[in-house]
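Undergrad: Take a look at data38.cif, mmCIF, C-alpha atoms and all ligand atoms:
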data_query
loop_
_atom_site.label_atom_id
_atom_site.label_comp_id
_atom_site.auth_asym_id
_atom_site.auth_seq_id
_atom_site.Cartn_x
_atom_site.Cartn_y
_atom_site.Cartn_z
CA MET E 1 0.00 0.00 0.00
CA LYS E 2 1.22 3.45 -0.75
CA LYS E 3 2.27 5.28 2.43
CA LYS E 4 0.69 8.62 1.52
CA ALA E 5 -2.64 6.95 2.03
CA LEU E 6 -2.28 6.10 5.70
CA ALA E 7 -3.61 9.24 7.31
CA LEU E 8 -6.66 9.50 5.08
CA LEU E 9 -7.41 5.84 5.41
CA LEU E 10 -7.69 5.95 9.16
CA GLY E 11 -10.78 8.10 8.90
CA ILE E 12 -12.50 5.59 6.69
CA CYS E 13 -11.29 2.63 8.77
CA MET E 14 -13.06 4.19 11.73
CA ILE E 15 -16.30 3.74 9.86
CA THR E 16 -15.61 0.21 8.74
CA MET E 17 -14.59 -1.11 12.11
CA THR E 18 -17.74 0.28 13.66
CA ALA E 19 -19.79 -1.75 11.24
CA CYS E 20 -17.71 -4.75 12.20
CA GLY E 21 -18.82 -4.15 15.76
CA ASN E 22 -22.44 -4.19 14.66
CA ALA E 23 -21.85 -7.37 12.70
CA SER E 24 -20.63 -9.34 15.65
CA SER E 25 -24.10 -9.45 17.13
CA GLN E 26 -25.88 -10.16 13.86
CA THR E 27 -26.18 -13.39 11.97
CA SER E 28 -27.79 -13.36 8.55
CA GLY E 29 -29.65 -10.29 9.70
CA GLU E 30 -31.26 -7.22 8.23
CA ALA E 31 -29.56 -3.88 7.92
CA PRO E 32 -28.63 -2.66 11.39
CA ALA E 33 -30.83 0.11 12.71
CA SER E 34 -27.85 2.26 13.68
CA THR E 35 -26.09 4.33 11.07
CA ALA E 36 -22.56 3.44 10.07
CA ASP E 37 -20.83 6.34 11.74
CA GLU E 38 -22.51 6.17 15.12
CA GLY E 39 -19.88 5.58 17.79
CA ALA E 40 -17.14 5.53 15.20
CA ALA E 41 -14.59 7.11 17.51
CA ASP E 42 -14.73 4.18 19.93
CA ASP E 43 -13.28 1.85 17.34
CA THR E 44 -10.33 3.89 16.14
CA ALA E 45 -7.87 1.68 17.99
CA GLY E 46 -9.23 -1.40 16.27
CA ALA E 47 -8.84 0.31 12.92
CA GLU E 48 -5.24 1.14 13.67
CA ASP E 49 -4.61 -2.49 14.62
CA ALA E 50 -6.10 -3.71 11.37
CA GLN E 51 -4.02 -1.21 9.46
CA ALA E 52 -0.86 -2.24 11.28
CA GLN E 53 -1.58 -5.91 10.60
CA GLY E 54 -2.04 -5.28 6.90
CA GLU E 55 1.19 -3.33 6.73
CA ALA E 56 3.10 -5.97 8.68
CA ALA E 57 1.92 -8.70 6.33
CA GLY E 58 3.12 -6.56 3.42
CA SER E 59 -0.36 -6.83 2.04
CA ALA E 60 -2.86 -4.68 0.27
CA VAL E 61 -5.56 -2.13 0.88
CA ALA E 62 -8.98 -2.19 -0.74
CA GLY E 63 -11.29 0.77 -1.07
CA VAL E 64 -14.83 -0.55 -1.37
CA VAL E 65 -17.52 1.79 -2.69
CA TRP E 66 -20.97 0.44 -1.82
CA TYR E 67 -24.03 2.03 -3.40
CA ASN E 68 -25.96 2.30 -0.12
CA PHE E 69 -25.04 1.13 3.38
CA ALA E 70 -28.71 1.24 4.34
CA ASP E 71 -29.68 -1.44 1.78
CA THR E 72 -30.32 -4.75 3.57
CA PHE E 73 -28.47 -6.99 1.12
CA ILE E 74 -25.55 -4.57 0.80
CA SER E 75 -25.33 -4.13 4.56
CA ASN E 76 -24.92 -7.90 5.00
CA ALA E 77 -22.33 -8.17 2.22
CA ARG E 78 -20.46 -5.16 3.56
CA GLN E 79 -20.27 -6.48 7.10
CA THR E 80 -19.16 -9.90 5.94
CA LEU E 81 -16.35 -8.38 3.86
CA ILE E 82 -15.19 -6.33 6.84
CA ASN E 83 -15.29 -9.44 9.01
CA ILE E 84 -13.27 -11.50 6.54
CA GLY E 85 -10.66 -8.76 6.13
CA ALA E 86 -10.33 -8.38 9.90
CA ALA E 87 -10.06 -12.15 10.43
CA ASP E 88 -7.57 -12.76 7.62
CA GLY E 89 -5.49 -9.59 7.80
CA THR E 90 -4.08 -9.83 4.27
CA ILE E 91 -6.29 -7.22 2.65
CA THR E 92 -7.30 -4.20 4.70
CA ILE E 93 -10.87 -3.32 3.91
CA THR E 94 -11.91 0.32 3.92
CA ASP E 95 -15.26 1.36 2.56
CA ALA E 96 -17.47 4.28 1.66
CA ASP E 97 -21.19 4.84 1.14
CA SER E 98 -22.48 6.33 -2.11
CA THR E 99 -25.89 6.90 -0.47
CA ASN E 100 -27.50 5.94 -3.78
CA ASP E 101 -26.03 9.03 -5.42
CA VAL E 102 -23.84 8.97 -8.53
CA SER E 103 -21.81 12.07 -7.69
CA THR E 104 -21.10 10.72 -4.19
CA GLN E 105 -19.94 7.49 -5.81
CA THR E 106 -17.56 9.47 -8.01
CA SER E 107 -16.08 11.40 -5.12
CA ASN E 108 -15.73 8.20 -3.05
CA MET E 109 -13.83 6.60 -5.92
CA ASN E 110 -11.62 9.64 -6.34
CA ASN E 111 -10.84 9.67 -2.61
CA PHE E 112 -9.72 6.07 -2.78
CA PHE E 113 -7.61 6.78 -5.87
CA THR E 114 -5.98 9.70 -4.07
CA GLN E 115 -5.22 7.40 -1.17
CA GLY E 116 -3.51 4.99 -3.53
CA VAL E 117 -5.54 1.89 -2.74
CA ASP E 118 -4.40 -1.36 -4.34
CA TYR E 119 -7.98 -2.47 -5.09
CA LEU E 120 -10.98 -0.39 -5.97
CA VAL E 121 -14.15 -2.44 -5.44
CA LEU E 122 -17.15 -0.75 -6.98
CA ASN E 123 -20.82 -1.53 -6.45
CA ASN E 124 -21.50 0.73 -9.40
CA ILE E 125 -24.66 2.75 -9.89
CA ASN E 126 -23.26 4.93 -12.68
CA THR E 127 -24.41 2.39 -15.25
CA GLY E 128 -23.91 4.64 -18.25
CA ALA E 129 -20.24 5.23 -17.46
CA ILE E 130 -18.77 1.73 -17.10
CA THR E 131 -16.10 2.13 -19.80
CA GLU E 132 -15.14 5.56 -18.52
CA ILE E 133 -14.74 4.15 -15.00
CA CYS E 134 -12.72 1.20 -16.31
CA ASP E 135 -10.40 3.64 -18.09
CA GLN E 136 -10.00 5.67 -14.93
CA ILE E 137 -9.15 2.54 -12.91
CA GLN E 138 -6.60 1.57 -15.56
CA ALA E 139 -5.02 5.01 -15.47
CA GLU E 140 -4.72 4.76 -11.68
CA GLY E 141 -2.98 1.40 -12.05
CA CYS E 142 -4.86 -0.36 -9.25
CA TYR E 143 -7.03 -3.45 -9.54
CA GLY E 144 -10.70 -2.78 -10.26
CA ILE E 145 -13.47 -5.13 -9.17
CA PHE E 146 -17.03 -4.37 -10.24
CA ALA E 147 -19.21 -5.94 -7.56
CA ASN E 148 -22.90 -6.84 -7.59
CA THR E 149 -23.53 -4.76 -10.68
CA ASP E 150 -23.44 -4.86 -14.46
CA THR E 151 -20.10 -6.20 -15.67
CA PRO E 152 -17.71 -4.27 -17.89
CA SER E 153 -17.75 -5.28 -21.57
CA ASP E 154 -15.36 -7.72 -23.25
CA GLU E 155 -13.56 -4.69 -24.72
CA ASP E 156 -13.12 -3.19 -21.26
CA PHE E 157 -11.68 -6.45 -19.96
CA ALA E 158 -9.39 -6.80 -22.97
CA LYS E 159 -7.74 -3.46 -22.16
CA ASN E 160 -6.82 -4.20 -18.56
CA ASP E 161 -5.87 -7.50 -16.97
CA LYS E 162 -6.31 -5.97 -13.51
CA LEU E 163 -10.06 -5.70 -14.06
CA TYR E 164 -12.58 -8.19 -12.61
CA SER E 165 -16.29 -8.44 -11.92
CA VAL E 166 -18.08 -10.39 -9.21
CA SER E 167 -21.82 -10.69 -9.49
CA SER E 168 -24.79 -13.01 -9.23
CA VAL E 169 -26.33 -14.35 -12.41
CA ALA E 170 -29.27 -11.94 -12.45
CA THR E 171 -31.13 -13.91 -15.12
CA GLN E 172 -31.54 -16.79 -12.69
CA SER E 173 -33.33 -14.66 -10.11
CA GLY E 174 -35.86 -13.42 -12.66
CA THR E 175 -36.51 -16.92 -13.92
CA ILE E 176 -36.93 -18.25 -10.37
CA MET E 177 -39.68 -15.70 -9.66
CA GLY E 178 -41.42 -16.23 -13.00
CA GLU E 179 -41.38 -20.02 -12.83
CA ALA E 180 -42.75 -20.14 -9.28
CA LEU E 181 -45.49 -17.70 -10.21
CA ALA E 182 -46.35 -19.68 -13.34
CA GLU E 183 -46.65 -22.85 -11.30
CA TYR E 184 -48.92 -21.10 -8.79
CA TRP E 185 -51.10 -19.60 -11.53
CA GLN E 186 -51.53 -22.90 -13.31
CA ALA E 187 -52.52 -24.66 -10.08
CA HIS E 188 -54.95 -21.92 -8.94
CA PRO E 189 -57.59 -20.86 -11.48
CA GLU E 190 -59.05 -18.49 -8.85
CA ALA E 191 -55.81 -16.49 -9.04
CA ASP E 192 -57.27 -14.71 -12.08
CA ARG E 193 -59.15 -12.31 -9.84
CA ASN E 194 -60.98 -10.32 -12.51
CA GLY E 195 -61.44 -13.32 -14.79
CA ASN E 196 -59.84 -11.67 -17.83
CA GLY E 197 -57.73 -14.74 -18.65
CA LYS E 198 -54.55 -12.74 -18.05
CA LEU E 199 -52.12 -12.64 -15.20
CA ASP E 200 -52.32 -8.97 -14.21
CA TYR E 201 -49.03 -8.25 -12.44
CA VAL E 202 -47.41 -5.28 -10.74
CA MET E 203 -43.65 -4.97 -11.32
CA LEU E 204 -41.61 -3.24 -8.62
CA LEU E 205 -38.21 -2.12 -9.87
CA GLY E 206 -35.05 -1.20 -7.98
CA ILE E 207 -32.83 1.66 -9.09
CA GLN E 208 -33.64 2.94 -12.57
CA GLY E 209 -31.40 1.27 -15.11
CA HIS E 210 -29.77 -1.00 -12.48
CA TYR E 211 -28.70 -4.25 -14.06
CA ASP E 212 -30.41 -6.58 -11.56
CA THR E 213 -33.66 -4.73 -11.92
CA THR E 214 -33.60 -4.76 -15.70
CA VAL E 215 -32.76 -8.43 -15.92
CA ARG E 216 -34.99 -9.64 -13.09
CA SER E 217 -38.03 -7.86 -14.50
CA GLN E 218 -37.43 -9.13 -18.03
CA TYR E 219 -36.69 -12.73 -17.12
CA SER E 220 -39.56 -13.09 -14.65
CA VAL E 221 -42.09 -12.02 -17.27
CA GLN E 222 -40.32 -14.11 -19.89
CA ALA E 223 -40.70 -17.23 -17.71
CA LEU E 224 -44.45 -16.57 -17.43
CA GLU E 225 -44.76 -16.16 -21.19
CA ASP E 226 -42.64 -19.26 -21.78
CA ALA E 227 -45.15 -21.15 -19.64
CA GLY E 228 -47.88 -20.03 -22.07
CA ILE E 229 -49.43 -17.48 -19.70
CA GLU E 230 -50.87 -14.27 -21.07
CA VAL E 231 -49.70 -11.38 -18.96
CA ASN E 232 -50.76 -7.81 -18.41
CA ASN E 233 -48.67 -5.20 -16.63
CA ILE E 234 -50.51 -2.91 -14.22
CA GLY E 235 -48.93 0.39 -13.29
CA GLY E 236 -46.03 0.33 -15.73
CA GLU E 237 -42.44 0.58 -14.50
CA ILE E 238 -42.69 1.31 -10.81
CA ILE E 239 -39.28 2.48 -9.62
CA CYS E 240 -38.83 1.92 -5.89
CA ASP E 241 -35.02 2.07 -5.56
CA TYR E 242 -34.98 -1.31 -3.76
CA SER E 243 -36.70 0.44 -0.85
CA ARG E 244 -39.40 -1.13 1.29
CA ALA E 245 -40.99 2.19 2.24
CA THR E 246 -41.18 3.39 -1.36
CA ALA E 247 -42.71 0.12 -2.51
CA GLN E 248 -45.30 0.25 0.26
CA GLU E 249 -46.28 3.78 -0.72
CA LYS E 250 -46.47 3.04 -4.45
CA VAL E 251 -48.44 -0.18 -4.09
CA ALA E 252 -50.86 1.53 -1.70
CA ALA E 253 -51.45 4.22 -4.33
CA LEU E 254 -52.01 1.60 -7.02
CA LEU E 255 -54.55 -0.29 -4.92
CA ALA E 256 -56.81 2.74 -4.97
CA ASN E 257 -57.52 2.06 -8.65
CA TYR E 258 -56.61 -1.55 -9.29
CA SER E 259 -57.45 -3.44 -6.12
CA ASP E 260 -59.81 -5.81 -7.95
CA ASP E 261 -57.48 -6.43 -10.87
CA ILE E 262 -54.05 -7.17 -9.47
CA ASP E 263 -53.25 -10.89 -9.58
CA ALA E 264 -49.61 -10.82 -8.44
CA VAL E 265 -46.69 -8.63 -7.41
CA ILE E 266 -43.22 -9.23 -8.79
CA ALA E 267 -40.65 -7.30 -6.77
CA CYS E 268 -37.00 -7.10 -7.79
CA ASN E 269 -35.91 -7.59 -4.18
CA ASP E 270 -37.34 -8.75 -0.86
CA ASP E 271 -37.41 -5.31 0.73
CA MET E 272 -39.78 -4.08 -1.98
CA ALA E 273 -41.83 -7.31 -1.74
CA LEU E 274 -42.19 -6.69 1.99
CA GLY E 275 -43.31 -3.11 1.39
CA ALA E 276 -45.88 -4.41 -1.10
CA ILE E 277 -47.13 -6.97 1.43
CA GLU E 278 -47.64 -4.22 4.02
CA ALA E 279 -49.67 -2.18 1.54
CA LEU E 280 -51.64 -5.25 0.50
CA LYS E 281 -52.43 -6.10 4.12
CA ALA E 282 -53.69 -2.55 4.68
CA GLY E 283 -55.79 -2.98 1.53
CA GLY E 284 -57.50 -6.10 2.89
CA PHE E 285 -55.28 -8.82 1.43
CA PHE E 286 -53.82 -11.60 3.59
CA THR E 287 -56.67 -11.14 6.05
CA GLY E 288 -58.53 -14.41 5.65
CA ASP E 289 -60.07 -16.72 3.06
CA ASP E 290 -59.72 -15.69 -0.57
CA THR E 291 -57.51 -12.72 0.22
CA TYR E 292 -54.16 -14.26 -0.76
CA LEU E 293 -52.08 -12.66 -3.48
CA PRO E 294 -48.81 -14.15 -4.76
CA VAL E 295 -45.84 -11.84 -4.10
CA CYS E 296 -42.36 -12.68 -5.39
CA GLY E 297 -39.01 -11.30 -4.24
CA VAL E 298 -35.27 -11.76 -4.48
CA ASP E 299 -32.51 -12.00 -1.84
CA ALA E 300 -33.87 -14.35 0.84
CA THR E 301 -33.21 -11.82 3.59
CA VAL E 302 -34.21 -12.78 7.12
CA ASN E 303 -37.46 -10.82 6.82
CA GLY E 304 -38.04 -12.17 3.32
CA CYS E 305 -37.72 -15.73 4.60
CA GLN E 306 -40.03 -14.91 7.48
CA ALA E 307 -42.65 -13.71 4.97
CA ILE E 308 -42.33 -17.05 3.15
CA LYS E 309 -42.94 -18.84 6.46
CA ASP E 310 -45.88 -16.51 7.22
CA GLY E 311 -47.39 -17.38 3.85
CA THR E 312 -47.30 -13.82 2.51
CA MET E 313 -44.43 -14.28 0.05
CA LEU E 314 -44.63 -17.03 -2.57
CA VAL E 315 -40.99 -17.26 -3.56
CA THR E 316 -37.65 -15.54 -3.22
CA ALA E 317 -34.27 -16.25 -4.80
CA LEU E 318 -31.36 -16.71 -2.43
CA ASN E 319 -28.83 -14.01 -3.24
CA ASN E 320 -26.10 -14.83 -0.78
CA PRO E 321 -24.34 -11.71 0.57
CA VAL E 322 -21.81 -13.85 2.41
CA MET E 323 -20.83 -15.58 -0.83
CA LEU E 324 -20.59 -12.20 -2.55
CA ALA E 325 -18.22 -10.89 0.13
CA LYS E 326 -16.18 -14.09 0.12
CA SER E 327 -15.86 -13.96 -3.66
CA ILE E 328 -14.74 -10.33 -3.67
CA TYR E 329 -12.19 -11.05 -0.96
CA LYS E 330 -10.95 -14.21 -2.66
CA VAL E 331 -10.34 -12.40 -5.96
CA MET E 332 -8.23 -9.86 -4.08
CA TYR E 333 -6.44 -12.54 -2.07
CA LEU E 334 -5.57 -14.59 -5.14
CA THR E 335 -4.41 -11.70 -7.30
CA ASN E 336 -2.48 -10.18 -4.40
CA SER E 337 -0.47 -13.38 -4.14
CA GLY E 338 0.01 -13.68 -7.90
CA GLN E 339 -2.43 -16.56 -8.35
CA GLU E 340 -4.87 -17.00 -11.21
CA VAL E 341 -8.59 -16.56 -10.56
CA THR E 342 -10.35 -19.72 -11.72
CA THR E 343 -13.39 -21.69 -10.60
CA GLU E 344 -10.98 -24.11 -8.92
CA SER E 345 -8.83 -21.49 -7.20
CA MET E 346 -11.95 -19.64 -6.01
CA GLY E 347 -13.16 -22.93 -4.52
CA LEU E 348 -16.50 -21.55 -3.35
CA GLU E 349 -19.82 -23.36 -3.74
CA GLY E 350 -22.00 -21.99 -6.53
CA VAL E 351 -19.22 -19.69 -7.77
CA SER E 352 -17.83 -20.05 -11.29
CA VAL E 353 -15.33 -18.03 -13.29
CA GLU E 354 -15.48 -17.02 -16.95
CA GLY E 355 -12.41 -15.03 -17.93
CA HIS E 356 -12.29 -12.22 -15.39
CA ARG E 357 -15.99 -12.51 -14.59
CA VAL E 358 -16.90 -14.29 -11.38
CA TRP E 359 -20.50 -15.52 -11.25
CA LEU E 360 -22.55 -16.50 -8.23
CA ASP E 361 -25.60 -18.75 -8.48
CA TYR E 362 -29.02 -18.01 -7.01
CA SER E 363 -31.31 -20.72 -5.69
CA PRO E 364 -35.10 -20.72 -5.30
CA VAL E 365 -36.55 -20.44 -1.80
CA THR E 366 -40.15 -21.41 -1.09
CA ILE E 367 -42.08 -22.78 1.87
CA ASP E 368 -40.57 -26.20 1.03
CA ASN E 369 -36.95 -25.27 1.71
CA VAL E 370 -37.01 -21.92 3.52
CA ASP E 371 -35.35 -23.41 6.61
CA GLN E 372 -32.23 -24.14 4.59
CA ALA E 373 -31.93 -20.60 3.20
CA THR E 374 -29.41 -19.39 5.74
CA TYR E 375 -26.06 -17.67 5.73
CA ASP E 376 -23.86 -16.34 8.47
CA ILE E 377 -22.24 -12.93 8.15
CA ASN E 378 -19.72 -14.02 10.78
CA ASP E 379 -18.53 -16.85 8.55
CA THR E 380 -15.06 -15.65 7.56
CA ALA E 381 -13.77 -18.80 5.85
CA PHE E 382 -12.93 -18.17 2.22
C1 LIG E 401 -29.23 -6.63 -5.60
C2 LIG E 401 -30.09 -6.96 -4.40
C3 LIG E 401 -30.88 -5.76 -4.02
C4 LIG E 401 -29.98 -4.57 -3.83
C5 LIG E 401 -29.10 -4.39 -5.06
C6 LIG E 401 -28.11 -3.26 -4.87
O1 LIG E 401 -28.45 -7.73 -5.94
O2 LIG E 401 -30.95 -8.00 -4.71
O3 LIG E 401 -31.62 -6.03 -2.86
O4 LIG E 401 -29.19 -4.84 -2.72
O5 LIG E 401 -28.40 -5.57 -5.33
O6 LIG E 401 -27.08 -3.27 -5.80
#
Would you give me this structure, written as structure tokens?
Ligand code: GAL

TA:
Amino acid sequence: MKKKALALLLGICMITMTACGNASSQTSGEAPASTADEGAADDTAGAEDAQAQGEAAGSAVAGVVWYNFADTFISNARQTLINIGAADGTITITDADSTNDVSTQTSNMNNFFTQGVDYLVLNNINTGAITEICDQIQAEGCYGIFANTDTPSDEDFAKNDKLYSVSSVATQSGTIMGEALAEYWQAHPEADRNGNGKLDYVMLLGIQGHYDTTVRSQYSVQALEDAGIEVNNIGGEIICDYSRATAQEKVAALLANYSDDIDAVIACNDDMALGAIEALKAGGFFTGDDTYLPVCGVDATVNGCQAIKDGTMLVTALNNPVMLAKSIYKVMYLTNSGQEVTTESMGLEGVSVEGHRVWLDYSPVTIDNVDQATYDINDTAF
């Protein structure tokens, strides 16, 4: 790590180690209620220790730019990555919150470049600027890892052998939702609530233009159509930024006009599915006989799995934040020690490598297997 970075890094380490403290009491949990910088000062000593360890091992420093610390899935991945870094000591993890804002992302990246990090890990939300960002990373000379986001193009990868991406196979999550919904629809003729012969669905999207949202929405509907089901979209593209509160508000508004028509809700993550369920409950659904409505989500968060057990969510797709963090760390660990990144060298279940792209599998979670959909953010083995 470049020495000029030390002083600046300590400030950011203070934030990361605080989150580590939160993580210790949380296993496969939701986003912690406290904000990342509460009580940060108490953990400065721990941050210094981590820094000293990294330096002593002659190892590397990673600057990780997450799109939003408050996002449930991201919070779990973030805390796991901090835990792994602290347990292993080879790569010092420092991170920053883009607060779902592109210009904040840019300044976070620039701060890390100024600090001379060895790895820039980017949970990118500036989807229109991938090549530009790749070029900037190349000019800085550090490794770049696009995480949980659209991957750079083949051309981008061809220009820079220090570029990687680590992401789930978004198509799988869309297909998982669509196939489960198709199966439900075919088994339940009464699910066609207005009797129009079409599956009238509401689609809740994450961040506008975000890769997971685009792919999950397309592939879920595609799976319904592939099953021979005629579909009808109600409400158009409902952007909810992966937020539970926004989804609740928007579904509540929709119910005012379409309460008798909606046959299903497809949400591009569990938080939005849970917001929809709240609105549906307030609108008289899930209150007794003939008031069920299939709601689909993605992530298999703790609350998402609870909704499956409660019978309010039909299906979710396990998007494992622990596996994401392990994969990011492993790519850094391998490259830092001059090893090739392959499916074999990664050695993680459900993780495969194509060139410099590392892919993580999803798996369907329903009432039949919800008890097995667990992960532990304190699991630091990689
Ligand atoms: C997705 C996840 C969402 C949200 C998003 C942020 O993979 O399912 O819940 O966390 O990433 O990039």

Undergrad: Let me make sure I understand: among E:Glu349, E:Glu190, E:Glu179, E:Asp270, which one has the smallest atom-to-atom distance to ligand LIG 401 (chain E) if we use all atoms listed in the file?

TA: E:Asp270

Undergrad: Please measure the separation of CA of Cys305 (chain E) and CA of Val370 (chain E), giving the value in Å to one decimal.

TA: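 Pair CA of Cys305 (chain E) / CA of Val370 (chain E) returns 6.3 Å.
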
Undergrad: Which one is closest to Ile238 (chain E): E:Ala264, E:Val202, E:Ala77, E:Ile367? Count only C-alpha atoms.

TA: E:Val202

Undergrad: Taking only residues of chain E that have an atom at most 6 Å from an atom of ligand LIG 401 (chain E), what is each one's shortest atom pair and its distance in Å to one decimal, using only C-alpha atoms and all ligand atoms, in chain and number order, as JSON lines?

TA:
{"residue": "E:Asp71", "atom": "CA", "partner": "E:LIG401", "partner_atom": "O4", "distance": 5.7}
{"residue": "E:Phe73", "atom": "CA", "partner": "E:LIG401", "partner_atom": "O4", "distance": 4.5}
{"residue": "E:Ile74", "atom": "CA", "partner": "E:LIG401", "partner_atom": "O4", "distance": 5.1}
{"residue": "E:Asn148", "atom": "CA", "partner": "E:LIG401", "partner_atom": "O6", "distance": 5.8}
{"residue": "E:Tyr242", "atom": "CA", "partner": "E:LIG401", "partner_atom": "O3", "distance": 5.9}
{"residue": "E:Asn269", "atom": "CA", "partner": "E:LIG401", "partner_atom": "O3", "distance": 4.8}
{"residue": "E:Val298", "atom": "CA", "partner": "E:LIG401", "partner_atom": "O2", "distance": 5.7}
{"residue": "E:Asp299", "atom": "CA", "partner": "E:LIG401", "partner_atom": "O2", "distance": 5.2}

Undergrad: Give me the residues near Gln138 (chain E) as a ChimeraX atom specification, where near means some atom within 10 Å (using all atoms listed in the file) and where sequence neighbours in that chain fewer than 3 positions away do not count.

TA: /E:132-135,141-144,156,159-163

Undergrad: Mind dumping the selected residues with C-alpha atoms as a JSON list (two decimals), in the coordinates of the input?

TA:
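result.json was written with the following content:
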[["chain", "number", "residue", "atom", "x", "y", "z"],
["E", 132, "GLU", "CA", -15.14, 5.56, -18.52],
["E", 133, "ILE", "CA", -14.74, 4.15, -15.00],
["E", 134, "CYS", "CA", -12.72, 1.20, -16.31],
["E", 135, "ASP", "CA", -10.40, 3.64, -18.09],
["E", 141, "GLY", "CA", -2.98, 1.40, -12.05],
["E", 142, "CYS", "CA", -4.86, -0.36, -9.25],
["E", 143, "TYR", "CA", -7.03, -3.45, -9.54],
["E", 144, "GLY", "CA", -10.70, -2.78, -10.26],
["E", 156, "ASP", "CA", -13.12, -3.19, -21.26],
["E", 159, "LYS", "CA", -7.74, -3.46, -22.16],
["E", 160, "ASN", "CA", -6.82, -4.20, -18.56],
["E", 161, "ASP", "CA", -5.87, -7.50, -16.97],
["E", 162, "LYS", "CA", -6.31, -5.97, -13.51],
["E", 163, "LEU", "CA", -10.06, -5.70, -14.06]]

Undergrad: I'd like a table as a Markdown table: residues in region 263-364 of chain E with an atom no more than 12 Å from region 249-252 of chain E, each row giving the shortest atom pair and its distance in Å to one decimal, only C-alpha atoms counted, sorted by chain and rising residue number.

TA:
| residue | atom | partner | partner_atom | distance |
| --- | --- | --- | --- | --- |
| E:Ala264 | CA | E:Val251 | CA | 11.6 |
| E:Val265 | CA | E:Val251 | CA | 9.2 |
| E:Ile266 | CA | E:Val251 | CA | 11.5 |
| E:Ala267 | CA | E:Val251 | CA | 10.9 |
| E:Met272 | CA | E:Val251 | CA | 9.7 |
| E:Ala273 | CA | E:Val251 | CA | 10.0 |
| E:Leu274 | CA | E:Val251 | CA | 10.9 |
| E:Gly275 | CA | E:Glu249 | CA | 7.8 |
| E:Ala276 | CA | E:Val251 | CA | 5.8 |
| E:Ile277 | CA | E:Val251 | CA | 8.8 |
| E:Glu278 | CA | E:Ala252 | CA | 8.7 |
| E:Ala279 | CA | E:Ala252 | CA | 5.1 |
| E:Leu280 | CA | E:Ala252 | CA | 7.2 |
| E:Lys281 | CA | E:Ala252 | CA | 9.7 |
| E:Ala282 | CA | E:Ala252 | CA | 8.1 |
| E:Gly283 | CA | E:Ala252 | CA | 7.4 |
| E:Gly284 | CA | E:Ala252 | CA | 11.1 |
| E:Phe285 | CA | E:Ala252 | CA | 11.7 |
| E:Val295 | CA | E:Val251 | CA | 11.9 |

Undergrad: Take the selection from the previous step and output its residues with C-alpha atoms, as a PDB file, in the frame of the given file.

TA:
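To be explicit, this is the file written out as out26.pdb:
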ATOM      1  CA  ALA E 264     -49.610 -10.820  -8.440  1.00  0.00           C
ATOM      2  CA  VAL E 265     -46.690  -8.630  -7.410  1.00  0.00           C
ATOM      3  CA  ILE E 266     -43.220  -9.230  -8.790  1.00  0.00           C
ATOM      4  CA  ALA E 267     -40.650  -7.300  -6.770  1.00  0.00           C
ATOM      5  CA  MET E 272     -39.780  -4.080  -1.980  1.00  0.00           C
ATOM      6  CA  ALA E 273     -41.830  -7.310  -1.740  1.00  0.00           C
ATOM      7  CA  LEU E 274     -42.190  -6.690   1.990  1.00  0.00           C
ATOM      8  CA  GLY E 275     -43.310  -3.110   1.390  1.00  0.00           C
ATOM      9  CA  ALA E 276     -45.880  -4.410  -1.100  1.00  0.00           C
ATOM     10  CA  ILE E 277     -47.130  -6.970   1.430  1.00  0.00           C
ATOM     11  CA  GLU E 278     -47.640  -4.220   4.020  1.00  0.00           C
ATOM     12  CA  ALA E 279     -49.670  -2.180   1.540  1.00  0.00           C
ATOM     13  CA  LEU E 280     -51.640  -5.250   0.500  1.00  0.00           C
ATOM     14  CA  LYS E 281     -52.430  -6.100   4.120  1.00  0.00           C
ATOM     15  CA  ALA E 282     -53.690  -2.550   4.680  1.00  0.00           C
ATOM     16  CA  GLY E 283     -55.790  -2.980   1.530  1.00  0.00           C
ATOM     17  CA  GLY E 284     -57.500  -6.100   2.890  1.00  0.00           C
ATOM     18  CA  PHE E 285     -55.280  -8.820   1.430  1.00  0.00           C
ATOM     19  CA  VAL E 295     -45.840 -11.840  -4.100  1.00  0.00           C
TER      20      VAL E 295
END

Undergrad: Could you state the separation of CA of Thr127 (chain E) and CA of Thr149 (chain E) in Å, given to one decimal place?

TA: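 Separation between CA of Thr127 (chain E) and CA of Thr149 (chain E): 8.5 Å.
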